[in-house]
>>> print(open('final16.pdb').read())   # PDB, C-alpha atoms
ATOM      1  CA  MET A   1     -23.607   9.789 -11.979
ATOM      2  CA  GLY A   2     -20.174   8.310 -12.688
ATOM      3  CA  ARG A   3     -18.181   6.205 -10.299
ATOM      4  CA  GLN A   4     -16.468   7.863  -7.364
ATOM      5  CA  ARG A   5     -12.733   8.445  -7.805
ATOM      6  CA  VAL A   6     -10.350   6.779  -5.364
ATOM      7  CA  LEU A   7      -6.625   7.579  -5.009
ATOM      8  CA  SER A   8      -4.092   5.341  -3.315
ATOM      9  CA  GLY A   9      -0.346   4.710  -3.405
ATOM     10  CA  VAL A  10       2.124   2.069  -2.220
ATOM     11  CA  GLN A  11       5.835   2.631  -1.644
ATOM     12  CA  SER A  12       8.132   0.995  -4.177
ATOM     13  CA  THR A  13       9.869  -1.419  -1.855
ATOM     14  CA  GLY A  14       9.665  -4.306  -4.301
ATOM     15  CA  ASN A  15       8.231  -7.634  -3.262
ATOM     16  CA  LEU A  16       4.871  -7.918  -1.520
ATOM     17  CA  HIS A  17       4.088 -10.574   1.073
ATOM     18  CA  LEU A  18       0.979 -12.539   2.004
ATOM     19  CA  GLY A  19       0.053  -9.948   4.621
ATOM     20  CA  ASN A  20      -0.078  -7.222   1.937
ATOM     21  CA  TYR A  21      -2.058  -9.435  -0.411
ATOM     22  CA  LEU A  22      -4.564 -11.045   1.967
ATOM     23  CA  GLY A  23      -4.870  -7.950   4.150
ATOM     24  CA  ALA A  24      -5.536  -5.393   1.424
ATOM     25  CA  ILE A  25      -4.873  -6.094  -2.249
ATOM     26  CA  ARG A  26      -7.157  -9.099  -2.684
ATOM     27  CA  ASN A  27     -10.041  -7.216  -1.084
ATOM     28  CA  TRP A  28      -9.404  -4.209  -3.308
ATOM     29  CA  VAL A  29      -9.392  -6.363  -6.442
ATOM     30  CA  GLU A  30     -12.824  -7.698  -5.472
ATOM     31  CA  ILE A  31     -14.422  -4.219  -5.260
ATOM     32  CA  GLN A  32     -12.382  -2.289  -7.838
ATOM     33  CA  SER A  33     -15.187  -2.180 -10.420
ATOM     34  CA  GLN A  34     -17.240   0.026  -8.085
ATOM     35  CA  TYR A  35     -14.751   2.925  -8.371
ATOM     36  CA  GLU A  36     -12.550   4.897 -10.733
ATOM     37  CA  ASN A  37      -9.159   4.029  -9.259
ATOM     38  CA  TYR A  38      -5.882   5.940  -9.528
ATOM     39  CA  LEU A  39      -3.157   3.777  -8.016
ATOM     40  CA  PHE A  40       0.453   4.931  -7.993
ATOM     41  CA  ILE A  41       3.824   3.523  -7.047
ATOM     42  CA  ALA A  42       5.194   5.987  -4.491
ATOM     43  CA  ASP A  43       8.863   6.063  -5.454
ATOM     44  CA  LEU A  44       9.348   9.640  -4.173
ATOM     45  CA  HIS A  45       8.269   8.466  -0.727
ATOM     46  CA  ALA A  46      10.685   5.536  -0.950
ATOM     47  CA  ILE A  47      13.726   7.802  -0.510
ATOM     48  CA  THR A  48      12.649   9.459   2.758
ATOM     49  CA  VAL A  49      14.750   6.775   4.449
ATOM     50  CA  PRO A  50      18.121   5.469   3.205
ATOM     51  CA  HIS A  51      17.646   3.426   0.025
ATOM     52  CA  LYS A  52      19.691   1.514  -2.549
ATOM     53  CA  PRO A  53      19.757   3.457  -5.858
ATOM     54  CA  ALA A  54      20.511   0.287  -7.837
ATOM     55  CA  GLU A  55      17.206  -1.230  -6.672
ATOM     56  CA  LEU A  56      14.790   1.723  -6.854
ATOM     57  CA  ALA A  57      13.767   1.397 -10.507
ATOM     58  CA  SER A  58      13.565  -2.401 -10.459
ATOM     59  CA  ASN A  59      11.450  -2.289  -7.284
ATOM     60  CA  THR A  60       9.111   0.151  -9.010
ATOM     61  CA  TYR A  61       8.589  -2.162 -11.985
ATOM     62  CA  THR A  62       8.251  -5.200  -9.722
ATOM     63  CA  LEU A  63       5.428  -3.540  -7.794
ATOM     64  CA  ALA A  64       3.653  -2.425 -10.971
ATOM     65  CA  ALA A  65       3.840  -5.966 -12.353
ATOM     66  CA  LEU A  66       2.557  -7.417  -9.059
ATOM     67  CA  TYR A  67      -0.412  -5.031  -9.136
ATOM     68  CA  LEU A  68      -1.378  -6.509 -12.490
ATOM     69  CA  ALA A  69      -0.569 -10.074 -11.445
ATOM     70  CA  CYS A  70      -2.838  -9.780  -8.392
ATOM     71  CA  GLY A  71      -5.782  -8.858 -10.595
ATOM     72  CA  LEU A  72      -6.000  -5.081 -10.891
ATOM     73  CA  ASP A  73      -8.012  -4.392 -14.044
ATOM     74  CA  LEU A  74      -6.960  -1.545 -16.347
ATOM     75  CA  ASN A  75     -10.627  -0.968 -17.198
ATOM     76  CA  ASP A  76     -11.101   0.156 -13.607
ATOM     77  CA  SER A  77      -7.639   1.261 -12.491
ATOM     78  CA  THR A  78      -5.011   3.688 -13.735
ATOM     79  CA  ILE A  79      -1.557   2.568 -12.575
ATOM     80  CA  PHE A  80       1.307   5.067 -12.719
ATOM     81  CA  VAL A  81       4.636   5.981 -11.144
ATOM     82  CA  GLN A  82       4.642   9.003  -8.834
ATOM     83  CA  SER A  83       7.946  10.453 -10.047
ATOM     84  CA  HIS A  84       6.815  10.232 -13.691
ATOM     85  CA  VAL A  85       4.320  13.041 -12.970
ATOM     86  CA  PRO A  86       6.374  16.150 -12.011
ATOM     87  CA  ALA A  87       3.272  17.901 -10.670
ATOM     88  CA  HIS A  88       3.637  15.863  -7.454
ATOM     89  CA  SER A  89       6.936  17.568  -6.632
ATOM     90  CA  GLU A  90       5.853  21.023  -7.757
ATOM     91  CA  LEU A  91       2.605  21.061  -5.794
ATOM     92  CA  THR A  92       4.519  19.839  -2.740
ATOM     93  CA  TRP A  93       6.727  22.936  -2.874
ATOM     94  CA  LEU A  94       3.733  25.253  -3.197
ATOM     95  CA  LEU A  95       1.981  23.576  -0.257
ATOM     96  CA  ASN A  96       5.211  23.621   1.770
ATOM     97  CA  CYS A  97       5.107  27.393   1.696
ATOM     98  CA  ILE A  98       1.709  27.571   3.418
ATOM     99  CA  THR A  99       2.136  24.650   5.849
ATOM    100  CA  PRO A 100       3.243  25.617   9.383
ATOM    101  CA  LEU A 101       6.369  23.820  10.535
ATOM    102  CA  ASN A 102       4.833  22.778  13.847
ATOM    103  CA  TRP A 103       2.117  20.831  12.005
ATOM    104  CA  LEU A 104       4.818  18.556  10.592
ATOM    105  CA  GLN A 105       6.820  18.314  13.792
ATOM    106  CA  ASP A 106       3.733  17.015  15.571
ATOM    107  CA  MET A 107       3.295  14.043  13.202
ATOM    108  CA  ILE A 108       3.608  10.783  15.135
ATOM    109  CA  GLN A 109       5.348   8.836  12.373
ATOM    110  CA  PHE A 110       7.997  11.545  11.987
ATOM    111  CA  LYS A 111       8.776  11.393  15.708
ATOM    112  CA  GLU A 112       9.045   7.596  15.658
ATOM    113  CA  LYS A 113      11.192   7.350  12.516
ATOM    114  CA  ALA A 114      13.381  10.327  13.433
ATOM    115  CA  LEU A 115      14.336   8.563  16.662
ATOM    116  CA  LYS A 116      15.581   5.582  14.637
ATOM    117  CA  GLN A 117      17.600   7.735  12.196
ATOM    118  CA  GLY A 118      19.114  10.057  14.797
ATOM    119  CA  GLU A 119      21.365  12.755  13.324
ATOM    120  CA  ASN A 120      20.901  11.340   9.811
ATOM    121  CA  VAL A 121      17.224  12.284   9.632
ATOM    122  CA  GLY A 122      16.527  14.136   6.387
ATOM    123  CA  VAL A 123      14.145  17.000   5.626
ATOM    124  CA  GLY A 124      12.213  14.617   3.393
ATOM    125  CA  LEU A 125      11.148  12.545   6.377
ATOM    126  CA  LEU A 126       9.712  15.662   8.026
ATOM    127  CA  ASP A 127       8.113  16.857   4.805
ATOM    128  CA  TYR A 128       6.655  13.692   3.338
ATOM    129  CA  PRO A 129       3.144  14.331   4.751
ATOM    130  CA  VAL A 130       3.025  17.430   2.508
ATOM    131  CA  LEU A 131       4.064  15.284  -0.454
ATOM    132  CA  MET A 132       1.299  12.891   0.531
ATOM    133  CA  ALA A 133      -1.156  15.800   0.589
ATOM    134  CA  ALA A 134      -0.033  16.813  -2.909
ATOM    135  CA  ASP A 135      -0.414  13.217  -4.102
ATOM    136  CA  ILE A 136      -4.027  13.252  -2.976
ATOM    137  CA  LEU A 137      -5.094  16.761  -3.930
ATOM    138  CA  LEU A 138      -3.806  16.632  -7.506
ATOM    139  CA  TYR A 139      -6.485  14.089  -8.453
ATOM    140  CA  ASN A 140      -9.554  15.532  -6.667
ATOM    141  CA  PRO A 141     -10.525  12.112  -5.284
ATOM    142  CA  ASP A 142     -13.846  11.468  -3.613
ATOM    143  CA  LYS A 143     -12.322   8.922  -1.267
ATOM    144  CA  VAL A 144      -8.854   8.092   0.061
ATOM    145  CA  PRO A 145      -8.379   4.624   1.588
ATOM    146  CA  VAL A 146      -6.632   4.953   4.942
ATOM    147  CA  GLY A 147      -5.548   2.574   7.659
ATOM    148  CA  GLU A 148      -5.063   3.443  11.305
ATOM    149  CA  ASP A 149      -1.456   4.562  10.720
ATOM    150  CA  GLN A 150      -2.425   7.081   8.015
ATOM    151  CA  LYS A 151      -5.411   8.827   9.595
ATOM    152  CA  GLN A 152      -3.252  11.677  10.928
ATOM    153  CA  HIS A 153      -1.826  12.291   7.449
ATOM    154  CA  LEU A 154      -5.276  12.646   5.905
ATOM    155  CA  GLU A 155      -6.274  15.032   8.691
ATOM    156  CA  LEU A 156      -3.199  17.119   7.834
ATOM    157  CA  THR A 157      -4.225  17.100   4.166
ATOM    158  CA  ARG A 158      -7.664  18.412   5.111
ATOM    159  CA  ASP A 159      -6.057  21.133   7.252
ATOM    160  CA  ILE A 160      -3.867  22.173   4.299
ATOM    161  CA  VAL A 161      -6.924  22.317   2.007
ATOM    162  CA  ASN A 162      -8.804  24.547   4.434
ATOM    163  CA  ARG A 163      -5.785  26.824   4.901
ATOM    164  CA  PHE A 164      -5.144  27.105   1.156
ATOM    165  CA  ASN A 165      -8.773  27.781   0.236
ATOM    166  CA  HIS A 166      -9.049  30.354   3.034
ATOM    167  CA  GLN A 167      -5.973  32.232   1.778
ATOM    168  CA  PHE A 168      -6.350  31.930  -1.986
ATOM    169  CA  ALA A 169      -9.962  31.064  -2.919
ATOM    170  CA  LYS A 170     -13.421  32.544  -2.610
ATOM    171  CA  PRO A 171     -15.670  30.869  -0.016
ATOM    172  CA  ASP A 172     -18.057  29.625  -2.702
ATOM    173  CA  GLN A 173     -15.312  28.652  -5.171
ATOM    174  CA  PRO A 174     -12.732  26.418  -3.449
ATOM    175  CA  VAL A 175      -9.649  25.549  -5.474
ATOM    176  CA  LEU A 176      -8.768  22.340  -3.655
ATOM    177  CA  LYS A 177     -11.281  19.583  -2.888
ATOM    178  CA  LEU A 178     -11.579  18.358   0.684
ATOM    179  CA  PRO A 179     -10.845  14.598   0.597
ATOM    180  CA  GLU A 180     -12.967  12.126   2.538
ATOM    181  CA  PRO A 181     -11.473   9.035   4.173
ATOM    182  CA  MET A 182     -12.453   5.575   3.042
ATOM    183  CA  ILE A 183     -11.988   3.349   6.057
ATOM    184  CA  ARG A 184     -10.779   0.121   4.547
ATOM    185  CA  LYS A 185     -12.672  -3.045   5.241
ATOM    186  CA  GLU A 186     -10.148  -4.946   7.279
ATOM    187  CA  GLY A 187      -8.785  -7.882   5.407
ATOM    188  CA  ALA A 188      -7.181 -10.826   7.070
ATOM    189  CA  ARG A 189      -4.718  -9.916   9.791
ATOM    190  CA  VAL A 190      -1.773 -12.095   8.798
ATOM    191  CA  MET A 191       0.847 -12.535  11.467
ATOM    192  CA  SER A 192       4.569 -13.284  11.353
ATOM    193  CA  LEU A 193       5.699 -16.876  10.831
ATOM    194  CA  THR A 194       8.281 -16.432  13.575
ATOM    195  CA  ASP A 195       5.979 -14.715  16.118
ATOM    196  CA  GLY A 196       2.230 -15.214  15.988
ATOM    197  CA  THR A 197       1.636 -12.055  18.047
ATOM    198  CA  LYS A 198       3.229  -9.656  15.512
ATOM    199  CA  LYS A 199       1.980  -8.640  12.068
ATOM    200  CA  MET A 200       3.794  -9.953   9.011
ATOM    201  CA  SER A 201       5.993  -7.055   7.881
ATOM    202  CA  LYS A 202       8.532  -6.136   5.191
ATOM    203  CA  SER A 203      10.553  -4.324   7.857
ATOM    204  CA  ASP A 204      11.163  -7.500   9.861
ATOM    205  CA  PRO A 205      14.877  -8.308   9.437
ATOM    206  CA  SER A 206      14.144 -12.044   9.175
ATOM    207  CA  GLU A 207      13.076 -13.323   5.754
ATOM    208  CA  LEU A 208      11.712 -16.393   7.556
ATOM    209  CA  SER A 209       8.994 -14.211   9.111
ATOM    210  CA  ARG A 210       7.041 -13.782   5.869
ATOM    211  CA  ILE A 211       6.035 -15.514   2.665
ATOM    212  CA  ASN A 212       6.566 -13.197  -0.287
ATOM    213  CA  LEU A 213       4.299 -13.415  -3.313
ATOM    214  CA  LEU A 214       7.280 -14.270  -5.516
ATOM    215  CA  ASP A 215       8.871 -16.879  -3.252
ATOM    216  CA  SER A 216       9.753 -20.135  -5.001
ATOM    217  CA  PRO A 217       8.119 -23.415  -3.894
ATOM    218  CA  ASP A 218      11.371 -24.366  -2.161
ATOM    219  CA  GLU A 219      11.473 -21.050  -0.266
ATOM    220  CA  ILE A 220       7.842 -21.427   0.803
ATOM    221  CA  ALA A 221       8.473 -24.976   1.993
ATOM    222  CA  LYS A 222      11.559 -23.885   3.931
ATOM    223  CA  LYS A 223       9.754 -21.013   5.674
ATOM    224  CA  ILE A 224       6.728 -23.087   6.666
ATOM    225  CA  LYS A 225       8.931 -25.960   7.838
ATOM    226  CA  ARG A 226      10.832 -23.569  10.142
ATOM    227  CA  CYS A 227       7.874 -21.440  11.282
ATOM    228  CA  LYS A 228       7.131 -21.209  14.981
ATOM    229  CA  THR A 229       4.625 -23.690  16.426
ATOM    230  CA  ASP A 230       3.702 -25.082  19.850
ATOM    231  CA  PRO A 231       4.025 -28.602  21.336
ATOM    232  CA  ILE A 232       0.276 -29.298  21.448
ATOM    233  CA  ARG A 233      -1.341 -31.814  19.094
ATOM    234  CA  GLY A 234      -4.604 -30.772  17.469
ATOM    235  CA  LEU A 235      -4.987 -27.320  15.918
ATOM    236  CA  GLU A 236      -7.551 -24.692  16.896
ATOM    237  CA  PHE A 237      -8.619 -21.145  16.125
ATOM    238  CA  ASP A 238      -8.988 -18.271  18.589
ATOM    239  CA  ASN A 239      -7.088 -19.682  21.551
ATOM    240  CA  PRO A 240      -5.093 -16.722  22.934
ATOM    241  CA  GLU A 241      -2.595 -19.179  24.393
ATOM    242  CA  ARG A 242      -1.880 -20.526  20.879
ATOM    243  CA  PRO A 243      -1.317 -17.528  18.547
ATOM    244  CA  GLU A 244       0.702 -19.555  16.024
ATOM    245  CA  SER A 245      -2.045 -22.148  15.701
ATOM    246  CA  ASN A 246      -4.606 -19.434  15.000
ATOM    247  CA  ASN A 247      -2.335 -17.665  12.505
ATOM    248  CA  LEU A 248      -1.386 -20.745  10.479
ATOM    249  CA  LEU A 249      -4.943 -22.053  10.393
ATOM    250  CA  THR A 250      -6.090 -18.615   9.196
ATOM    251  CA  LEU A 251      -3.500 -18.699   6.422
ATOM    252  CA  TYR A 252      -4.677 -22.152   5.373
ATOM    253  CA  MET A 253      -8.316 -21.031   5.457
ATOM    254  CA  LEU A 254      -7.683 -17.990   3.276
ATOM    255  CA  LEU A 255      -5.388 -19.682   0.785
ATOM    256  CA  SER A 256      -7.626 -22.743   0.394
ATOM    257  CA  SER A 257     -10.868 -20.689   0.234
ATOM    258  CA  LYS A 258     -12.418 -23.001   2.804
ATOM    259  CA  THR A 259     -14.662 -21.806   5.619
ATOM    260  CA  LYS A 260     -13.451 -21.459   9.173
ATOM    261  CA  GLU A 261     -15.736 -24.323  10.203
ATOM    262  CA  GLU A 262     -14.374 -26.613   7.495
ATOM    263  CA  VAL A 263     -10.764 -25.901   8.473
ATOM    264  CA  ALA A 264     -11.457 -26.332  12.188
ATOM    265  CA  ALA A 265     -13.034 -29.741  11.584
ATOM    266  CA  GLU A 266     -10.314 -30.864   9.166
ATOM    267  CA  CYS A 267      -7.386 -29.905  11.394
ATOM    268  CA  GLN A 268      -8.654 -30.473  14.931
ATOM    269  CA  ASP A 269      -6.808 -33.789  15.313
ATOM    270  CA  MET A 270      -3.721 -32.979  13.222
ATOM    271  CA  GLY A 271      -0.173 -32.681  14.452
ATOM    272  CA  TRP A 272       2.177 -30.073  13.049
ATOM    273  CA  GLY A 273       4.054 -32.694  11.055
ATOM    274  CA  GLN A 274       0.860 -33.443   9.125
ATOM    275  CA  PHE A 275      -0.375 -29.864   8.868
ATOM    276  CA  LYS A 276       2.770 -28.118   7.625
ATOM    277  CA  PRO A 277       3.002 -30.075   4.344
ATOM    278  CA  LEU A 278      -0.700 -29.377   3.776
ATOM    279  CA  LEU A 279      -0.193 -25.633   4.310
ATOM    280  CA  THR A 280       2.902 -25.681   2.093
ATOM    281  CA  GLU A 281       1.091 -27.319  -0.816
ATOM    282  CA  THR A 282      -1.868 -24.953  -0.430
ATOM    283  CA  ALA A 283       0.335 -21.837  -0.364
ATOM    284  CA  ILE A 284       2.324 -22.938  -3.426
ATOM    285  CA  ASN A 285      -0.874 -23.652  -5.391
ATOM    286  CA  ALA A 286      -2.510 -20.367  -4.329
ATOM    287  CA  LEU A 287       0.479 -18.249  -5.383
ATOM    288  CA  LYS A 288       1.128 -20.101  -8.645
ATOM    289  CA  PRO A 289      -1.399 -18.094 -10.764
ATOM    290  CA  ILE A 290      -0.048 -14.786  -9.421
ATOM    291  CA  GLN A 291       3.534 -15.821 -10.119
ATOM    292  CA  GLU A 292       2.669 -17.040 -13.634
ATOM    293  CA  LYS A 293       0.888 -13.762 -14.439
ATOM    294  CA  TYR A 294       3.814 -11.814 -12.973
ATOM    295  CA  GLN A 295       6.279 -13.688 -15.197
ATOM    296  CA  ALA A 296       4.117 -13.048 -18.248
ATOM    297  CA  VAL A 297       3.959  -9.328 -17.480
ATOM    298  CA  THR A 298       7.674  -8.956 -16.761
ATOM    299  CA  ASN A 299       8.642 -11.028 -19.804
ATOM    300  CA  ASP A 300       6.766  -8.533 -21.973
ATOM    301  CA  LYS A 301       8.626  -5.376 -20.963
ATOM    302  CA  GLY A 302       6.957  -3.400 -23.737
ATOM    303  CA  TYR A 303       3.522  -4.177 -22.279
ATOM    304  CA  LEU A 304       4.471  -3.094 -18.753
ATOM    305  CA  GLU A 305       6.044   0.097 -20.078
ATOM    306  CA  SER A 306       2.905   0.816 -22.118
ATOM    307  CA  VAL A 307       0.737   0.396 -19.002
ATOM    308  CA  LEU A 308       2.874   2.905 -17.078
ATOM    309  CA  ARG A 309       3.101   5.249 -20.060
ATOM    310  CA  ASP A 310      -0.680   5.277 -20.484
ATOM    311  CA  GLY A 311      -1.081   5.680 -16.721
ATOM    312  CA  LYS A 312       1.292   8.637 -16.716
ATOM    313  CA  GLN A 313      -0.642  10.361 -19.497
ATOM    314  CA  LYS A 314      -4.021   9.878 -17.801
ATOM    315  CA  ALA A 315      -2.662  10.964 -14.425
ATOM    316  CA  GLU A 316      -0.826  13.971 -15.841
ATOM    317  CA  ALA A 317      -3.929  15.295 -17.581
ATOM    318  CA  ILE A 318      -5.734  15.583 -14.237
ATOM    319  CA  ALA A 319      -2.714  16.549 -12.124
ATOM    320  CA  ASN A 320      -1.559  19.381 -14.394
ATOM    321  CA  GLN A 321      -5.034  20.883 -14.479
ATOM    322  CA  THR A 322      -5.148  20.987 -10.679
ATOM    323  CA  LEU A 323      -1.599  22.348 -10.478
ATOM    324  CA  ASN A 324      -2.414  25.195 -12.880
ATOM    325  CA  GLN A 325      -5.507  26.104 -10.861
ATOM    326  CA  VAL A 326      -3.391  26.260  -7.700
ATOM    327  CA  LYS A 327      -0.714  28.386  -9.375
ATOM    328  CA  ALA A 328      -3.292  30.760 -10.817
ATOM    329  CA  ALA A 329      -4.921  31.179  -7.402
ATOM    330  CA  MET A 330      -1.512  31.961  -5.878
ATOM    331  CA  GLY A 331      -0.845  34.615  -8.500
ATOM    332  CA  TYR A 332       1.699  32.890 -10.748
ATOM    333  CA  SER A 333       2.077  33.798 -14.394
ATOM    334  CA  MET A 334       1.265  30.884 -16.674
ATOM    335  CA  PRO A 335       3.881  29.502 -19.124
ATOM    336  CA  LEU A 336       3.799  31.281 -22.471
TER     337      LEU A 336
END
>>> encode(input="final16.pdb", output="structure tokens")
Amino acid sequence: MGRQRVLSGVQSTGNLHLGNYLGAIRNWVEIQSQYENYLFIADLHAITVPHKPAELASNTYTLAALYLACGLDLNDSTIFVQSHVPAHSELTWLLNCITPLNWLQDMIQFKEKALKQGENVGVGLLDYPVLMAADILLYNPDKVPVGEDQKQHLELTRDIVNRFNHQFAKPDQPVLKLPEPMIRKEGARVMSLTDGTKKMSKSDPSELSRINLLDSPDEIAKKIKRCKTDPIRGLEFDNPERPESNNLLTLYMLLSSKTKEEVAAECQDMGWGQFKPLLTETAINALKPIQEKYQAVTNDKGYLESVLRDGKQKAEAIANQTLNQVKAAMGYSMPL
């Protein structure tokens, strides 16, 4: 038997931070050879909230280059851009026409984000779970990695599959494959540099709250120098009264590849003035190989374009086959 196929996408919001890398990407790189991976940059999803047109394309290429810089192997992974494969949009429309409106109105993320946007909320924000279903179903994946915040979307996808197959397929010959969740092994939970009780996030308005993978040594030093600490000398893990101590020690542990026991022993008598330079040097050294690979990839624009061109062709071959099967089941005439 061949490897199981896995499908996953990340919105094209440009730079990634240490939370993205240590919490998910690094773990995925370690196990990628076990699967046939289709990984896309979700630029259609990126416009469900107000965006800057001048940055959309550059963010897309930045993310693709970072995928490669972090260690995704083209022998195991097909990397492509969502909008480069028109089948994503077309299948979304077909699925829209069989998806009850109340299913979408009940989605938790829509309710939360719609409150923030008020009267400016667009149809795309309501409809993006159907686009997500199309993203998945086009590639007939065996597994779809999901975190806690995406479980409801995968459940909706499964509901759409069952509804479509019930209406347009024979019981023993389903057209769409029912996707199974892959519950991600939790990577490191990296917290904000300005609040050790909150996750590091791209949506945080303060740049000082996160270390981005492409931050310069000076930017890294500045952020660590200003990060929140406590007045206690001696650093320790797992003290609920000292969330910043636990978070910064965890960062040091992960970036230095030392064990928790080694870090605890090394830092137990340190003050923050001694520890912060150590963490700064470790972070700069850990990100240097990623940044060097990123520069090499972006400096060779032809190479990056060839990766996305090849990815588009591989993705389109599978996506168009699924789309044609759906259209045939719904009664469409095929192009002459």
>>> resolve_selection(input="final16.pdb", expression="the PyMOL selection byres ((chain A and resi 197) around 9)", output="MDAnalysis selection string")
chainID A and resid 191:192 195:196 198:199 243:244 247
>>> write_last_selection(input="final16.pdb", atoms="C-alpha atoms", output="short mmCIF file (atom, residue, chain, number, x, y, z; two decimals), keeping the file's coordinate frame")
data_model
loop_
_atom_site.label_atom_id
_atom_site.label_comp_id
_atom_site.auth_asym_id
_atom_site.auth_seq_id
_atom_site.Cartn_x
_atom_site.Cartn_y
_atom_site.Cartn_z
CA MET A 191 0.85 -12.54 11.47
CA SER A 192 4.57 -13.28 11.35
CA ASP A 195 5.98 -14.72 16.12
CA GLY A 196 2.23 -15.21 15.99
CA LYS A 198 3.23 -9.66 15.51
CA LYS A 199 1.98 -8.64 12.07
CA PRO A 243 -1.32 -17.53 18.55
CA GLU A 244 0.70 -19.56 16.02
CA ASN A 247 -2.34 -17.66 12.50
#
>>> residues_around(input="final16.pdb", residues="segment 84-89 of chain A", least_positions_apart="2", cutoff="10 Å", atoms="all atoms listed in the file", output="ChimeraX atom specification")
/A:41,43-44,80-82,91-94,130-138,308-309,311-313,315-324
>>> closest_residue(input="final16.pdb", among="A:Asn75, A:Asn15, A:Thr280, A:Asn239", to="Glu55 of chain A", atoms="only C-alpha atoms")
A:Asn15
>>> residues_around(input="final16.pdb", residues="Arg26 of chain A", least_positions_apart="5", cutoff="12 Å", atoms="only C-alpha atoms", output="list in words")
His17, Leu18, Gly19, Asn20, Tyr21, Ile31, Gln32, Leu66, Tyr67, Leu68, Ala69, Cys70, Gly71, Leu72, Lys185, Glu186, Gly187, Ala188, Leu254, Leu255 and Ile290 of chain A
>>> atom_distance(input="final16.pdb", atom1="atom CA of Lys222 of chain A", atom2="atom CA of Cys267 of chain A")
21.2 Å
